[in-house]
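A short write-up of the structure that comes next.
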Amino acid sequence: MDKRIYLLTTLTFIVGLVELIIGGILPFIAADLDITLGQAGLLISAFSLSFAIAGPVLLSLTAKVERKKLIMIVLVLFLFSNGIAVISNSLFVLLVSRILSASGAALLVSLCLTIASQISSEAYRSRAIGTVLMGVSASLVLGVPLGLFLGNEWGWRAPFVFIVAVTFILMVLIQCTLNPIEPKPYVPLSTQLRALRKPTILMVHSVSILFFIGHLTLYAFLTPFLQSTLHVSGNALSFLYLLFGIAAICGSWFGGYASDRFGNRQTMVVALSFFAFVLFIVPLVSNSGILLIPLLMLWNFLSWTITPAIQGHLVASAPKTSDIQQSINNSATHVGMAIGSVVGGLTIDVYTVDFNAPVGGLFAVIGLIVAIIAVKMK
């Protein structure tokens, strides 16, 4: 596999940190800016919404720009936007910072995935995509705990200072190690979007939305679920998140490997089947830590196994418009995340957090049905 893939993985890692590092410091931001926790939560919503909208648009607008140059421009935007966060003293300014960061993040993830598929041979394509996505899953391991540590030690602005420093280091590394990469031949956005008329392409994007709705229905409220079932808190809770993060990293790698070895379609359907099954089993073992923890690790493993298969399937199904399809799929995942968080919140309000897993499982089953139909249609 091309060694440049690992450099792209570091880029997606920093993107994941930018998105996730704020999760643990929301209470600090709310207290310092004298706003409610709900208002501070807008920083997460604004990031997800901006990410979903900006990805396909920016990728199309920058289609003719040489890729290394474009990555450097995006990293400058990262540096600037997180610098704004460091000096911000109001929710409005911080929201502007998050919107700019999300726009850069959406473009950077799309670039990393499309470059990975572009510079890899067909035999290693899904594995390359899975390796790049390992950067995002690795940020799950460090994002929230790192944000909490830096926020507790030096205040909520410290994580953004850290992001600025890491971004600068990455700019130096990329300038010194990455060769220029020419973009694919320009295809007008209207032509690229016409690929969505192909039912199988549209259905695969729908699978991503449904799958992430199912995933976030539980994952967004995993902390209260663990506190309710296993009565854990503090260091024990952080350790569990570490285990789940490690499982997610392994899932990203395995998803790429399995897709190359057994095929994108087979991997997508099998992983989704087990993913849905696990969500329905979770409530049955929720009072046993010995059974629940390994099951939740398997759930996190499967959640990151599916995405490389979906991305690989899109590249294989629409090679001429693969860039925009991968970007649209990234947007679809964030749409699913936003809806899943809402569904999870409503489930807790109407029932209890114990129902979040099976409700998420229902969406996963619908996603599985759509995936099977898409595979049979070819």
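FYI, nothing fancy with the structure tokens labels: chains A, B, ... in order, residues from 1 per chain, ligands from 1 as they appear.
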Counting only C-alpha atoms, give me one row per residue of region 71-112 of chain A with an atom at most 12 Å from an atom of region 132-142 of chain A, showing the shortest contact pair and its distance in Å to one decimal, sorted by chain then residue number, as CSV.
```
residue,atom,partner,partner_atom,distance
A:Ala105,CA,A:Val136,CA,11.2
A:Leu108,CA,A:Val132,CA,11.5
A:Val109,CA,A:Leu133,CA,8.9
A:Ser110,CA,A:Val132,CA,10.7
A:Leu111,CA,A:Val132,CA,10.7
A:Cys112,CA,A:Val132,CA,7.1
```
Based on the selection just made, write N, CA and C atoms of those residues as a short mmCIF file (atom, residue, chain, number, x, y, z; two decimals), in the first residue's frame.
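Result file follows (selection-v6.cif):
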```cif
data_model
loop_
_atom_site.label_atom_id
_atom_site.label_comp_id
_atom_site.auth_asym_id
_atom_site.auth_seq_id
_atom_site.Cartn_x
_atom_site.Cartn_y
_atom_site.Cartn_z
N ALA A 105 -12.86 20.96 7.41
CA ALA A 105 -12.83 19.53 7.74
C ALA A 105 -13.53 18.70 6.67
N LEU A 108 -11.32 18.52 3.66
CA LEU A 108 -10.09 17.75 3.91
C LEU A 108 -10.38 16.24 3.95
N VAL A 109 -11.45 15.83 4.60
CA VAL A 109 -11.79 14.40 4.63
C VAL A 109 -12.09 13.90 3.22
N SER A 110 -12.84 14.69 2.45
CA SER A 110 -13.14 14.30 1.08
C SER A 110 -11.86 14.17 0.26
N LEU A 111 -10.95 15.12 0.44
CA LEU A 111 -9.68 15.08 -0.28
C LEU A 111 -8.88 13.83 0.09
N CYS A 112 -8.80 13.54 1.38
CA CYS A 112 -8.02 12.38 1.83
C CYS A 112 -8.58 11.08 1.28
#
```
* Can you pull out every residue within 9 Å of Gln39 (chain A), counting only C-alpha atoms, but drop anything in the same chain fewer than 4 positions away, and send it as a count of residues only? => 4
List as JSON lines every residue of region 228-289 of chain A that is in contact with region 8-21 of chain A, defined as an atom at most 12 Å from one of its atoms (using only C-alpha atoms), together with the nearest atom pair and the distance in Å rounded to one decimal, sorted by chain and then rising number.
```
{"residue": "A:Ile249", "atom": "CA", "partner": "A:Phe13", "partner_atom": "CA", "distance": 11.3}
{"residue": "A:Ser252", "atom": "CA", "partner": "A:Thr9", "partner_atom": "CA", "distance": 11.4}
{"residue": "A:Trp253", "atom": "CA", "partner": "A:Thr9", "partner_atom": "CA", "distance": 11.6}
```
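Note that CA of Gly143 (chain A) and CA of Leu170 (chain A) are 17.5 Å apart.
Here the question is which of A:Ala123, A:Leu113, A:Ala248, A:Ile328 gets nearest to Tyr6 (chain A) using only C-alpha atoms, and that residue is A:Leu113.
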* Pick the closest to Ser81 (chain A) from A:Ala106, A:Leu42, A:Ile163, A:Ile339: which is it, counting only C-alpha atoms? ->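 Closest residue, counting only C-alpha atoms: A:Ile163.
Nearest to Glu122 (chain A) of all the residues A:Leu302, A:Asp260, A:Ile372, A:Thr333 is A:Asp260, counting only C-alpha atoms.
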* How many Å lie between CA of Ser101 (chain A) and CA of Gly255 (chain A), rounded to one decimal? ->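 If I compute the distance from CA of Ser101 (chain A) to CA of Gly255 (chain A), I get 27.9 Å.
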* Asked: Which of these residues is nearest to Ile115 (chain A), using only C-alpha atoms: A:Phe47, A:Gly289, A:Val335, A:Leu70?
  -> A:Leu70
Could you list, with a cut-off of 12 Å and counting only C-alpha atoms, the residues of region 119-201 of chain A near region 263-283 of chain A, each shown with its nearest atom pair and the distance in Å rounded to one decimal, rows sorted by chain and ascending number, as a Markdown table?
```
| residue | atom | partner | partner_atom | distance |
| --- | --- | --- | --- | --- |
| A:Glu122 | CA | A:Gly263 | CA | 11.5 |
| A:Ala123 | CA | A:Gly263 | CA | 10.4 |
| A:Tyr124 | CA | A:Gly263 | CA | 11.5 |
| A:Arg125 | CA | A:Asn264 | CA | 10.6 |
| A:Ser126 | CA | A:Asn264 | CA | 8.0 |
| A:Arg127 | CA | A:Asn264 | CA | 10.8 |
| A:Ile129 | CA | A:Asn264 | CA | 11.8 |
| A:Gly130 | CA | A:Asn264 | CA | 11.8 |
| A:Thr200 | CA | A:Arg265 | CA | 11.6 |
```
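Distances from A:Leu295, A:Tyr257, A:Asn152, A:Met377 to Lys198 (chain A) were compared using only C-alpha atoms, and the smallest one belongs to A:Met377.
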Contacts of region 141-232 of chain A with region 362-365 of chain A up to 7 Å, shortest pair per row, only C-alpha atoms, as a Markdown table:
```
| residue | atom | partner | partner_atom | distance |
| --- | --- | --- | --- | --- |
| A:Leu210 | CA | A:Phe363 | CA | 5.6 |
| A:Phe211 | CA | A:Ala364 | CA | 5.1 |
| A:Ile213 | CA | A:Phe363 | CA | 6.6 |
| A:Gly214 | CA | A:Phe363 | CA | 5.0 |
```
Taking all heavy atoms for each residue, export the selection above as a tab-separated table (two decimals), in the first residue's frame.
```tsv
chain	number	residue	atom	x	y	z
A	210	LEU	N	-29.20	5.84	7.34
A	210	LEU	CA	-29.94	4.96	8.24
A	210	LEU	C	-29.02	4.29	9.25
A	210	LEU	O	-29.35	4.17	10.44
A	210	LEU	CB	-30.69	3.90	7.43
A	210	LEU	CG	-31.87	4.42	6.60
A	210	LEU	CD1	-32.28	3.40	5.54
A	210	LEU	CD2	-33.05	4.77	7.51
A	211	PHE	N	-27.85	3.85	8.78
A	211	PHE	CA	-26.89	3.20	9.68
A	211	PHE	C	-26.44	4.16	10.77
A	211	PHE	O	-26.38	3.79	11.96
A	211	PHE	CB	-25.71	2.68	8.85
A	211	PHE	CG	-24.41	2.60	9.61
A	211	PHE	CD1	-24.28	1.77	10.71
A	211	PHE	CD2	-23.31	3.35	9.21
A	211	PHE	CE1	-23.08	1.69	11.41
A	211	PHE	CE2	-22.13	3.27	9.89
A	211	PHE	CZ	-22.01	2.45	11.00
A	213	ILE	N	-27.99	6.85	11.84
A	213	ILE	CA	-29.11	7.13	12.75
A	213	ILE	C	-29.15	6.05	13.82
A	213	ILE	O	-29.25	6.33	15.02
A	213	ILE	CB	-30.45	7.18	11.99
A	213	ILE	CG1	-30.52	8.39	11.07
A	213	ILE	CG2	-31.63	7.23	12.99
A	213	ILE	CD1	-31.78	8.43	10.20
A	214	GLY	N	-29.05	4.80	13.38
A	214	GLY	CA	-29.06	3.69	14.33
A	214	GLY	C	-27.90	3.74	15.30
A	214	GLY	O	-28.05	3.48	16.50
```
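Taking only C-alpha atoms into account, Glu182 (chain A) lies nearest to A:Ile119 out of the set A:Ile119, A:Leu146, A:Leu77, A:Val86.
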